[in-house]
Each structure stands twice: as structure tokens, then as C-alpha cells.
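**Q** One structure is given below, represented as C-alpha cells, and several questions about it will come after.
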Amino acid sequence: MYAFPVQQFGIDKLRQIDLPTPQTTPGTVLIKVHAVSLNYRDLMMVKGLYNPKMALPRIPCSDGAGEVVATGEGVTHVEAGDRVCGIFMQRWLDGPLTADKSKAALGGDVDGMLTEYALLDHEGVVRFPEHLTYEEASTLPCAGVTAWNALHHAGDPTNPTHPGETVVIQGTGGVSIFALQFAKLLGARVLGTSSSEEKLSRARSLGLDEGYNYKLRPDWSKWVTEATANKGADRIIEVGGGGTFGQSLRAARVGGTIAQIGVLSGAATPDPVALTPILHKQLRVQGIYVGSRVMFEQMNAAISKAGLRPVIDKVFHFSHAAEAFAHMESASHFGKIVIRVT
């Protein structure tokens with residue numbers, strides 16, 4: 001089989017090589033991978049910025065969709081012919097995240113999906129909605145589940161986003177666009193920021209209620225405050241990290257939730273962050289590290305019921321995997337970047 005293991009860090013070091021096809025063992029399934037989607041984590045992993053001490057070689061990419069072609073002894077969860085995705089953390093099936101459950105993330109702790117065939121635990125895969133293509137399904141495991149978790153759980157599954165609440169999304173990458181789509185299914189009002197008027201226009205076609213170009217006026221938190229009659233947003237999907245976290249604190253309402261997801265603007269803040277809004281507003285700041293298999297299955301049920309389709313920016317051929325990573329690095333995409341394996 002062909003795969004793109006990281007043997008040296010760097011996009012320009014990615015090489016397609018021939019590896020032995022894995023063989024099933026008890027409790028495992030062999031998946032013929034049809035499509036892979038990219039996340040910012042994958043880009044940082046390939047560049048050596050996510051975990052510089054990661055043991056190499058390592059096949060990258062957490063997100064992929066394919067067909068089960070063989071099953072090992074004792075497999076009951078799926079069968080040959082099923083169209084499935086691998087879950088991000090192979091051990092996080094249900095319940096809260098623990099240290100042990102977090103140590104089997106695809107494309108990091110264990111080999112990922114940028115390969116023709118992937119061998120996964122049978123409990124670490126889920127069937128995806130029938131109306132989706134392999135390319136569309138490949139976008140679900142990380143970005144989709146992360147957005148679902150941020151809106152429906154965020155540390156408290158008894159307090160999901162409610163109709164009429166205001167949700168703020170940052171940018172138009174995979175997590176943010178999924179959050180827009182899911183928030184609209186919940187009946188929420190969605191405000192969004194971007195540096196591109198074209199992207200804001202596209203987001204409005206997906207249901208974005210109001211958009212804001214932060215290149216024209218960097219203090220977008222004031223805009224959120226004004227757009228909510230000085231109350232602030234109920235929930236902020238925080239993907240920027242250090243460069244945006246301070247504004248998210250200022251943009252949230254009293255008792256609001258900040259779902260802290262990404263570090264697209266860097267992990268460190270350029271200036272000291274005033275923590276007093278957390279105290280004075282009694283804010284909930286909840287870290288979101290994707291989600292469990294049960295969350296994935298809940299999300300799939302909602303996608304099936306709504307007939308929702310993920311937004312794909314561009315599809316690259318398997319042999320052009322390095323170009324796909326370069327496209328992500330350019331930050332010009334809207335939605336998800338996909339690599340078609342077959």
C-alpha cells in the first residue's frame with residue numbers, strides 16, 4: 001500500500017512510499033481509505049510544531065473515511081462493506097475524557113489516515129450518514145465533532161445551545177463552518193468574523209446572521225457587544241487562541257461560555273490578558289479536545305435527519321498531499337480541505 005509517513009518534519013519532506021498492507025488481528029478492522037481531510041493540528045504535526053519529540057516515522061492525519069474490507073476475530077461493532085470513519089481518539093468511546101483515553105489520537109499517538117489502508121480498533125470506528133460521500137464524511141471526525149461538542153456539551157451536556165441564543169464563530173475554517181451549520185440547526189443567531197468580505201458573503205449563504213471584517217476594525221469584541229444590545233454573546237467558538245482570547249472574554253455575556261478550541265493565532269498572547277472578565281462575568285471557559293464516539297454518533301444522527309452536507313473547499317489527489325498541506329498553510333480555504341485517496 002502507499003502512504004505518506006512523516007519521516008522528517010516539513011511539508012517539503014513528505015514522500016509517498018510503499019509499505020506492507022496491515023493484517024487484521026483480534027478486535028481490529030482493516031479500512032480501505034477513500035478520503036482524508038486536513039486539520040490545523042495535522043499541519044503542525046507535519047511541520048514538527050505540535051510535538052517536536054514525536055517518534056518518527058508516523059502516518060499523519062486524524063480524519064479519514066473508507067470502507068471496511070476485513071475484520072479480525074471478535075469484531076461485532078462493524079462488518080465488511082460498512083462505510084466508516086475512524087474516531088479521533090481511539091479510546092474515548094463515552095463519558096468524560098481521561099488521561100488514558102487521550103493517549104490514542106490518530107495521526108499523533110498512533111498512525112493516522114494518510115494511507116491507502118488503515119488498521120483500527122473496531123470500537124474506534126463509526127458508520128457515517130448514508131447521504132454523504134467519502135469526501136464529505138472525511139471532514140467529520142475532528143472538525144465536526146469538535147463543533148458539536150462545543151455547542152451541545154462544552155463540559156455540561158445539560159446546557160446545550162438554545163434557540164435564540166447568540167453564537168460567535170471566528171473565521172471560516174472547518175470547525176467554524178460546522179459550528180455555523182450546527183448552531184443554525186439549533187435555532188441560534190450566529191455572528192461571524194473574517195478578514196475577507198468574500199468569505200463572509202459565502203458564510204451568509206449558509207445562514208450567518210451578521211458578519212464582521214476585523215481587518216477594517218480589529219476590535220471585533222466591541223462589535224459583538226453592540227450587535228447584542230450591550231449584553232454580549234452567549235457562546236463563543238474560540239479557535240484563534242492567544243491572539244483572540246482576550247477579545248472573546250470581552251465579547252461574552254455575563255454567565256456566557258467560551259469554548260476554547262484552537263490556537264490559529266498562536267498559543268501565547270501578544271499582551272497580558274486581563275482575567276477580570278472571567279471573574280466579573282462569571283464566565284465558563286471550557287477547553288474542547290474533539291469528543292467521544294458517542295458524541296460522533298449523536299452528531300451523525302442530527303446530520304442524517306437534517307440532510308446536512310459538510311462544506312469542502314478543495315479536493316486534492318492523493319499524490320498531491322503536500323500541495324494540500326501547503327494550501328492549508330496559506331489560510332485561504334473556506335471549510336475543509338480534502339485529499340481523495342482512491
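Numbering starts fresh at 1 for the residues of each chain in the C-alpha cells, the chains themselves are lettered A, B, ... in the order given, and ligands are numbered from 1 as they appear.
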Can you tell me, as a PDB file with N, CA and C atoms, in the first residue's frame, what residues are no more than 12 Å from Arg293 (chain A) when counting only C-alpha atoms, ignoring any on the same chain fewer than 5 positions away?

**A**
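Saved as around_30.pdb:
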ATOM      1  N   CYS A  85     -15.881   6.033   9.435  1.00  0.00           N
ATOM      2  CA  CYS A  85     -14.810   6.963   9.791  1.00  0.00           C
ATOM      3  C   CYS A  85     -14.146   6.447  11.059  1.00  0.00           C
ATOM      4  N   GLY A  86     -12.867   6.734  11.208  1.00  0.00           N
ATOM      5  CA  GLY A  86     -12.221   6.476  12.485  1.00  0.00           C
ATOM      6  C   GLY A  86     -12.510   7.630  13.426  1.00  0.00           C
ATOM      7  N   ILE A  87     -12.629   7.348  14.729  1.00  0.00           N
ATOM      8  CA  ILE A  87     -12.813   8.431  15.693  1.00  0.00           C
ATOM      9  C   ILE A  87     -11.445   8.999  16.057  1.00  0.00           C
ATOM     10  N   PHE A  88     -11.426  10.267  16.424  1.00  0.00           N
ATOM     11  CA  PHE A  88     -10.172  10.975  16.657  1.00  0.00           C
ATOM     12  C   PHE A  88      -9.331  10.287  17.726  1.00  0.00           C
ATOM     13  N   MET A  89      -9.904  10.088  18.916  1.00  0.00           N
ATOM     14  CA  MET A  89      -9.206   9.376  19.985  1.00  0.00           C
ATOM     15  C   MET A  89      -9.788   7.982  20.093  1.00  0.00           C
ATOM     16  N   GLN A  90      -9.013   7.010  19.739  1.00  0.00           N
ATOM     17  CA  GLN A  90      -9.496   5.644  19.601  1.00  0.00           C
ATOM     18  C   GLN A  90     -10.023   5.043  20.904  1.00  0.00           C
ATOM     19  N   ARG A  91      -9.648   5.590  22.036  1.00  0.00           N
ATOM     20  CA  ARG A  91     -10.100   5.037  23.328  1.00  0.00           C
ATOM     21  C   ARG A  91     -11.230   5.837  23.963  1.00  0.00           C
ATOM     22  N   TRP A  92     -11.563   6.999  23.395  1.00  0.00           N
ATOM     23  CA  TRP A  92     -12.624   7.813  24.006  1.00  0.00           C
ATOM     24  C   TRP A  92     -13.953   7.438  23.380  1.00  0.00           C
ATOM     25  N   LEU A  93     -14.606   6.471  24.004  1.00  0.00           N
ATOM     26  CA  LEU A  93     -15.873   5.976  23.480  1.00  0.00           C
ATOM     27  C   LEU A  93     -17.061   6.723  24.078  1.00  0.00           C
ATOM     28  N   ASP A  94     -17.003   7.017  25.374  1.00  0.00           N
ATOM     29  CA  ASP A  94     -18.123   7.681  26.047  1.00  0.00           C
ATOM     30  C   ASP A  94     -17.594   8.276  27.341  1.00  0.00           C
ATOM     31  N   GLY A  95     -18.436   9.062  27.993  1.00  0.00           N
ATOM     32  CA  GLY A  95     -18.066   9.635  29.273  1.00  0.00           C
ATOM     33  C   GLY A  95     -17.038  10.735  29.140  1.00  0.00           C
ATOM     34  N   PRO A  96     -16.549  11.225  30.272  1.00  0.00           N
ATOM     35  CA  PRO A  96     -15.565  12.315  30.238  1.00  0.00           C
ATOM     36  C   PRO A  96     -14.210  11.829  29.742  1.00  0.00           C
ATOM     37  N   LEU A  97     -13.432  12.775  29.243  1.00  0.00           N
ATOM     38  CA  LEU A  97     -12.082  12.463  28.780  1.00  0.00           C
ATOM     39  C   LEU A  97     -11.176  12.213  29.982  1.00  0.00           C
ATOM     40  N   LYS A 101      -7.611   7.847  27.958  1.00  0.00           N
ATOM     41  CA  LYS A 101      -8.377   7.933  26.718  1.00  0.00           C
ATOM     42  C   LYS A 101      -7.726   8.884  25.703  1.00  0.00           C
ATOM     43  N   HIS A 122     -11.981  -1.992  16.307  1.00  0.00           N
ATOM     44  CA  HIS A 122     -13.366  -1.989  15.802  1.00  0.00           C
ATOM     45  C   HIS A 122     -14.267  -1.058  16.604  1.00  0.00           C
ATOM     46  N   GLU A 123     -13.913  -0.752  17.845  1.00  0.00           N
ATOM     47  CA  GLU A 123     -14.702   0.194  18.620  1.00  0.00           C
ATOM     48  C   GLU A 123     -14.334   1.635  18.302  1.00  0.00           C
ATOM     49  N   GLY A 124     -13.258   1.820  17.556  1.00  0.00           N
ATOM     50  CA  GLY A 124     -12.799   3.157  17.215  1.00  0.00           C
ATOM     51  C   GLY A 124     -13.256   3.632  15.859  1.00  0.00           C
ATOM     52  N   VAL A 125     -14.325   3.030  15.323  1.00  0.00           N
ATOM     53  CA  VAL A 125     -14.881   3.467  14.045  1.00  0.00           C
ATOM     54  C   VAL A 125     -16.388   3.643  14.179  1.00  0.00           C
ATOM     55  N   VAL A 126     -16.953   4.515  13.353  1.00  0.00           N
ATOM     56  CA  VAL A 126     -18.404   4.729  13.327  1.00  0.00           C
ATOM     57  C   VAL A 126     -18.875   4.771  11.877  1.00  0.00           C
ATOM     58  N   ARG A 127     -20.071   4.268  11.633  1.00  0.00           N
ATOM     59  CA  ARG A 127     -20.683   4.412  10.311  1.00  0.00           C
ATOM     60  C   ARG A 127     -21.105   5.867  10.138  1.00  0.00           C
ATOM     61  N   PHE A 128     -20.959   6.379   8.933  1.00  0.00           N
ATOM     62  CA  PHE A 128     -21.341   7.768   8.708  1.00  0.00           C
ATOM     63  C   PHE A 128     -22.647   7.842   7.915  1.00  0.00           C
ATOM     64  N   LEU A 140     -15.664  14.859   9.106  1.00  0.00           N
ATOM     65  CA  LEU A 140     -16.429  14.804  10.346  1.00  0.00           C
ATOM     66  C   LEU A 140     -15.635  14.543  11.626  1.00  0.00           C
ATOM     67  N   PRO A 141     -14.659  13.630  11.643  1.00  0.00           N
ATOM     68  CA  PRO A 141     -14.115  13.155  12.921  1.00  0.00           C
ATOM     69  C   PRO A 141     -13.553  14.219  13.853  1.00  0.00           C
ATOM     70  N   CYS A 142     -12.855  15.195  13.340  1.00  0.00           N
ATOM     71  CA  CYS A 142     -12.257  16.213  14.207  1.00  0.00           C
ATOM     72  C   CYS A 142     -13.068  17.504  14.180  1.00  0.00           C
ATOM     73  N   VAL A 145     -17.012  16.898  15.018  1.00  0.00           N
ATOM     74  CA  VAL A 145     -17.259  16.514  16.412  1.00  0.00           C
ATOM     75  C   VAL A 145     -16.861  17.634  17.370  1.00  0.00           C
ATOM     76  N   THR A 146     -15.785  18.345  17.056  1.00  0.00           N
ATOM     77  CA  THR A 146     -15.370  19.466  17.900  1.00  0.00           C
ATOM     78  C   THR A 146     -16.457  20.533  17.973  1.00  0.00           C
ATOM     79  N   TRP A 148     -19.631  20.141  17.323  1.00  0.00           N
ATOM     80  CA  TRP A 148     -20.787  19.549  18.001  1.00  0.00           C
ATOM     81  C   TRP A 148     -20.606  19.602  19.515  1.00  0.00           C
ATOM     82  N   ASN A 149     -19.443  19.190  19.992  1.00  0.00           N
ATOM     83  CA  ASN A 149     -19.136  19.209  21.418  1.00  0.00           C
ATOM     84  C   ASN A 149     -19.243  20.629  21.969  1.00  0.00           C
ATOM     85  N   GLN A 298     -24.105  10.864  17.953  1.00  0.00           N
ATOM     86  CA  GLN A 298     -25.184  11.834  18.120  1.00  0.00           C
ATOM     87  C   GLN A 298     -25.172  12.853  16.975  1.00  0.00           C
ATOM     88  N   MET A 299     -23.984  13.324  16.642  1.00  0.00           N
ATOM     89  CA  MET A 299     -23.837  14.278  15.544  1.00  0.00           C
ATOM     90  C   MET A 299     -24.297  13.661  14.230  1.00  0.00           C
ATOM     91  N   ASN A 300     -23.899  12.428  13.963  1.00  0.00           N
ATOM     92  CA  ASN A 300     -24.296  11.765  12.722  1.00  0.00           C
ATOM     93  C   ASN A 300     -25.808  11.649  12.597  1.00  0.00           C
TER      94      ASN A 300
END

**Q** Quick one: pick out all strand (DSSP E) residues within region 143-203 of chain A from a backbone DSSP run and write them as a count of residues only.

**A** 11

**Q** At a cut-off of 10 Å, using only C-alpha atoms, what residues contact Ala321 (chain A)? Leave out same-chain residues fewer than 2 positions from it and give the result as a ChimeraX atom specification.

**A** /A:4,11,14-16,36,38,114,316-319,323-327,338-341

**Q** Can you work out which one of A:Thr257, A:Thr76, A:Ser102, A:Thr342 has the shortest atom-to-atom distance to Val315 (chain A), counting only C-alpha atoms?

**A**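 Of all the options, A:Thr342 lies closest to Val315 (chain A).
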
**Q** Find the nearest atom pair between each residue of region 80-176 of chain A and region 194-210 of chain A for residues within 8 Å, count only C-alpha atoms, give distances in Å to one decimal, sort rows by chain and ascending number, and present the table as JSON lines.

**A**
{"residue": "A:Gln170", "atom": "CA", "partner": "A:Ser194", "partner_atom": "CA", "distance": 6.7}
{"residue": "A:Gly171", "atom": "CA", "partner": "A:Ser194", "partner_atom": "CA", "distance": 4.7}
{"residue": "A:Thr172", "atom": "CA", "partner": "A:Ser194", "partner_atom": "CA", "distance": 7.0}

**Q** Excluding Asn39 (chain A) and its own-chain neighbours fewer than 5 positions away, which residues fall within 9 Å of it when counting only C-alpha atoms? Please give them as an MDAnalysis selection string.

**A** chainID A and resid 44 61:63 139 142:143 174 328 336:337

**Q** Could you dump the residues just selected with N, CA and C atoms as a compact mmCIF listing (two decimals), in the first residue's frame?

**A**
# COMPACT_ATOMS: atom_id res chain seq x y z
N MET A 44 0.48 21.29 11.79
CA MET A 44 1.50 21.49 12.81
C MET A 44 2.28 20.20 13.07
N CYS A 61 -2.52 12.70 9.95
CA CYS A 61 -3.94 12.95 9.65
C CYS A 61 -4.89 12.10 10.49
N SER A 62 -5.70 12.79 11.27
CA SER A 62 -6.65 12.11 12.14
C SER A 62 -7.95 11.76 11.44
N ASP A 63 -8.27 12.44 10.34
CA ASP A 63 -9.61 12.34 9.76
C ASP A 63 -9.61 11.61 8.42
N THR A 139 -14.56 14.75 6.61
CA THR A 139 -14.43 16.02 7.34
C THR A 139 -15.00 15.95 8.76
N CYS A 142 -12.86 15.20 13.34
CA CYS A 142 -12.26 16.21 14.21
C CYS A 142 -13.07 17.50 14.18
N ALA A 143 -13.15 18.16 13.02
CA ALA A 143 -13.83 19.45 12.94
C ALA A 143 -15.31 19.34 13.30
N GLY A 174 -12.72 24.85 9.06
CA GLY A 174 -13.59 23.70 9.22
C GLY A 174 -14.46 23.73 10.46
N MET A 328 -3.49 24.54 3.07
CA MET A 328 -3.95 24.83 4.42
C MET A 328 -3.06 25.90 5.05
N LYS A 336 -13.48 22.80 4.58
CA LYS A 336 -12.49 21.74 4.73
C LYS A 336 -11.69 21.46 3.46
N ILE A 337 -10.43 21.06 3.67
CA ILE A 337 -9.55 20.62 2.59
C ILE A 337 -9.49 19.11 2.62

**Q** May I have all residues of region 59-232 of chain A that DSSP, computed from the backbone, assigns to helix (DSSP H, G or I), given as a PyMOL selection string?

**A** chain A and resi 101-103+122-124+134-137+140-152+174-185+197-205+220-227

**Q** Which residue out of A:Asp42, A:Asp12, A:Glu116, A:Glu136 has the minimum interatomic distance to Glu67 (chain A) when only C-alpha atoms are used?

**A** A:Glu116

**Q** I'd like the neighbourhood of region 226-233 of chain A as a ChimeraX atom specification, where a residue qualifies if any of its atoms comes within 12 Å (using only C-alpha atoms), though same-chain residues fewer than 3 positions away should be ignored.

**A** /A:161,164-169,188-192,209-212,219-223,236-237,247-258,277,281,283

**Q** May I have the selected residues written with N, CA and C atoms, as a compact mmCIF listing (two decimals), in the first residue's frame?

**A**
# COMPACT_ATOMS: atom_id res chain seq x y z
N THR A 161 -26.59 24.73 23.50
CA THR A 161 -27.03 25.99 22.91
C THR A 161 -28.54 25.94 22.68
N GLY A 164 -32.46 31.00 19.82
CA GLY A 164 -32.45 32.42 20.14
C GLY A 164 -31.16 32.91 20.76
N GLU A 165 -30.29 32.00 21.22
CA GLU A 165 -29.02 32.43 21.79
C GLU A 165 -28.09 32.91 20.67
N THR A 166 -27.10 33.70 21.06
CA THR A 166 -26.13 34.23 20.10
C THR A 166 -24.82 33.47 20.21
N VAL A 167 -24.38 32.95 19.08
CA VAL A 167 -23.11 32.22 18.99
C VAL A 167 -22.17 33.02 18.09
N VAL A 168 -20.91 33.14 18.50
CA VAL A 168 -19.90 33.81 17.69
C VAL A 168 -18.93 32.79 17.15
N ILE A 169 -18.68 32.82 15.84
CA ILE A 169 -17.65 31.99 15.23
C ILE A 169 -16.53 32.88 14.74
N ALA A 188 -30.06 29.06 16.71
CA ALA A 188 -29.29 30.15 17.30
C ALA A 188 -29.06 31.26 16.28
N ARG A 189 -28.74 32.42 16.78
CA ARG A 189 -28.28 33.55 15.97
C ARG A 189 -26.76 33.46 15.92
N VAL A 190 -26.18 33.56 14.73
CA VAL A 190 -24.73 33.37 14.59
C VAL A 190 -24.09 34.63 14.03
N LEU A 191 -23.10 35.13 14.78
CA LEU A 191 -22.27 36.24 14.34
C LEU A 191 -20.90 35.68 13.97
N GLY A 192 -20.28 36.21 12.91
CA GLY A 192 -19.01 35.67 12.48
C GLY A 192 -18.01 36.74 12.09
N ASP A 209 -25.87 35.19 10.35
CA ASP A 209 -26.80 36.31 10.51
C ASP A 209 -26.12 37.66 10.30
N GLU A 210 -24.92 37.82 10.87
CA GLU A 210 -24.17 39.06 10.70
C GLU A 210 -22.69 38.74 10.64
N GLY A 211 -21.97 39.43 9.76
CA GLY A 211 -20.54 39.21 9.61
C GLY A 211 -19.76 40.49 9.85
N TYR A 212 -18.50 40.33 10.20
CA TYR A 212 -17.67 41.48 10.56
C TYR A 212 -16.26 41.26 10.06
N ASP A 219 -11.04 45.65 16.70
CA ASP A 219 -11.71 45.40 17.98
C ASP A 219 -13.10 44.81 17.78
N TRP A 220 -13.13 43.58 17.27
CA TRP A 220 -14.41 42.95 16.95
C TRP A 220 -15.26 42.68 18.18
N SER A 221 -14.64 42.61 19.37
CA SER A 221 -15.43 42.37 20.58
C SER A 221 -16.43 43.50 20.83
N LYS A 222 -16.04 44.73 20.46
CA LYS A 222 -16.97 45.85 20.62
C LYS A 222 -18.15 45.69 19.66
N TRP A 223 -17.87 45.17 18.46
CA TRP A 223 -18.95 44.93 17.50
C TRP A 223 -19.93 43.90 18.05
N ILE A 236 -19.07 31.51 22.56
CA ILE A 236 -18.07 31.88 21.58
C ILE A 236 -17.24 30.66 21.22
N ILE A 237 -17.18 30.37 19.93
CA ILE A 237 -16.39 29.25 19.44
C ILE A 237 -14.98 29.80 19.18
N GLN A 247 -10.21 39.18 23.48
CA GLN A 247 -11.43 39.77 22.92
C GLN A 247 -12.63 38.86 23.16
N SER A 248 -12.42 37.56 23.15
CA SER A 248 -13.53 36.64 23.43
C SER A 248 -14.04 36.86 24.84
N LEU A 249 -13.13 37.07 25.80
CA LEU A 249 -13.56 37.36 27.17
C LEU A 249 -14.42 38.61 27.21
N ARG A 250 -14.02 39.63 26.46
CA ARG A 250 -14.77 40.89 26.47
C ARG A 250 -16.09 40.78 25.71
N ALA A 251 -16.15 39.88 24.73
CA ALA A 251 -17.36 39.76 23.90
C ALA A 251 -18.44 38.89 24.52
N ALA A 252 -18.10 38.08 25.51
CA ALA A 252 -19.06 37.15 26.10
C ALA A 252 -19.98 37.87 27.09
N ARG A 253 -21.18 37.39 27.20
CA ARG A 253 -22.15 37.96 28.15
C ARG A 253 -21.83 37.48 29.56
N VAL A 254 -22.47 38.08 30.54
CA VAL A 254 -22.38 37.59 31.92
C VAL A 254 -22.93 36.17 31.97
N GLY A 255 -22.14 35.24 32.49
CA GLY A 255 -22.55 33.85 32.55
C GLY A 255 -22.39 33.10 31.24
N GLY A 256 -21.72 33.72 30.28
CA GLY A 256 -21.54 33.10 28.97
C GLY A 256 -20.48 32.01 28.96
N THR A 257 -20.38 31.34 27.81
CA THR A 257 -19.45 30.23 27.64
C THR A 257 -18.47 30.52 26.52
N ILE A 258 -17.19 30.26 26.78
CA ILE A 258 -16.17 30.31 25.75
C ILE A 258 -15.65 28.90 25.55
N PRO A 277 -12.53 39.74 33.42
CA PRO A 277 -13.86 39.41 32.86
C PRO A 277 -14.34 38.02 33.28
N LYS A 281 -17.79 38.49 35.08
CA LYS A 281 -18.90 37.97 34.28
C LYS A 281 -19.27 36.53 34.64
N LEU A 283 -17.72 33.79 33.83
CA LEU A 283 -17.66 33.08 32.56
C LEU A 283 -17.25 31.62 32.74

**Q** Give me, as a count of residues only, all polymer residues having an atom no more than 9 Å from Leu308 (chain A), counting only C-alpha atoms and skipping those fewer than 3 positions away in the same chain.

**A** 7
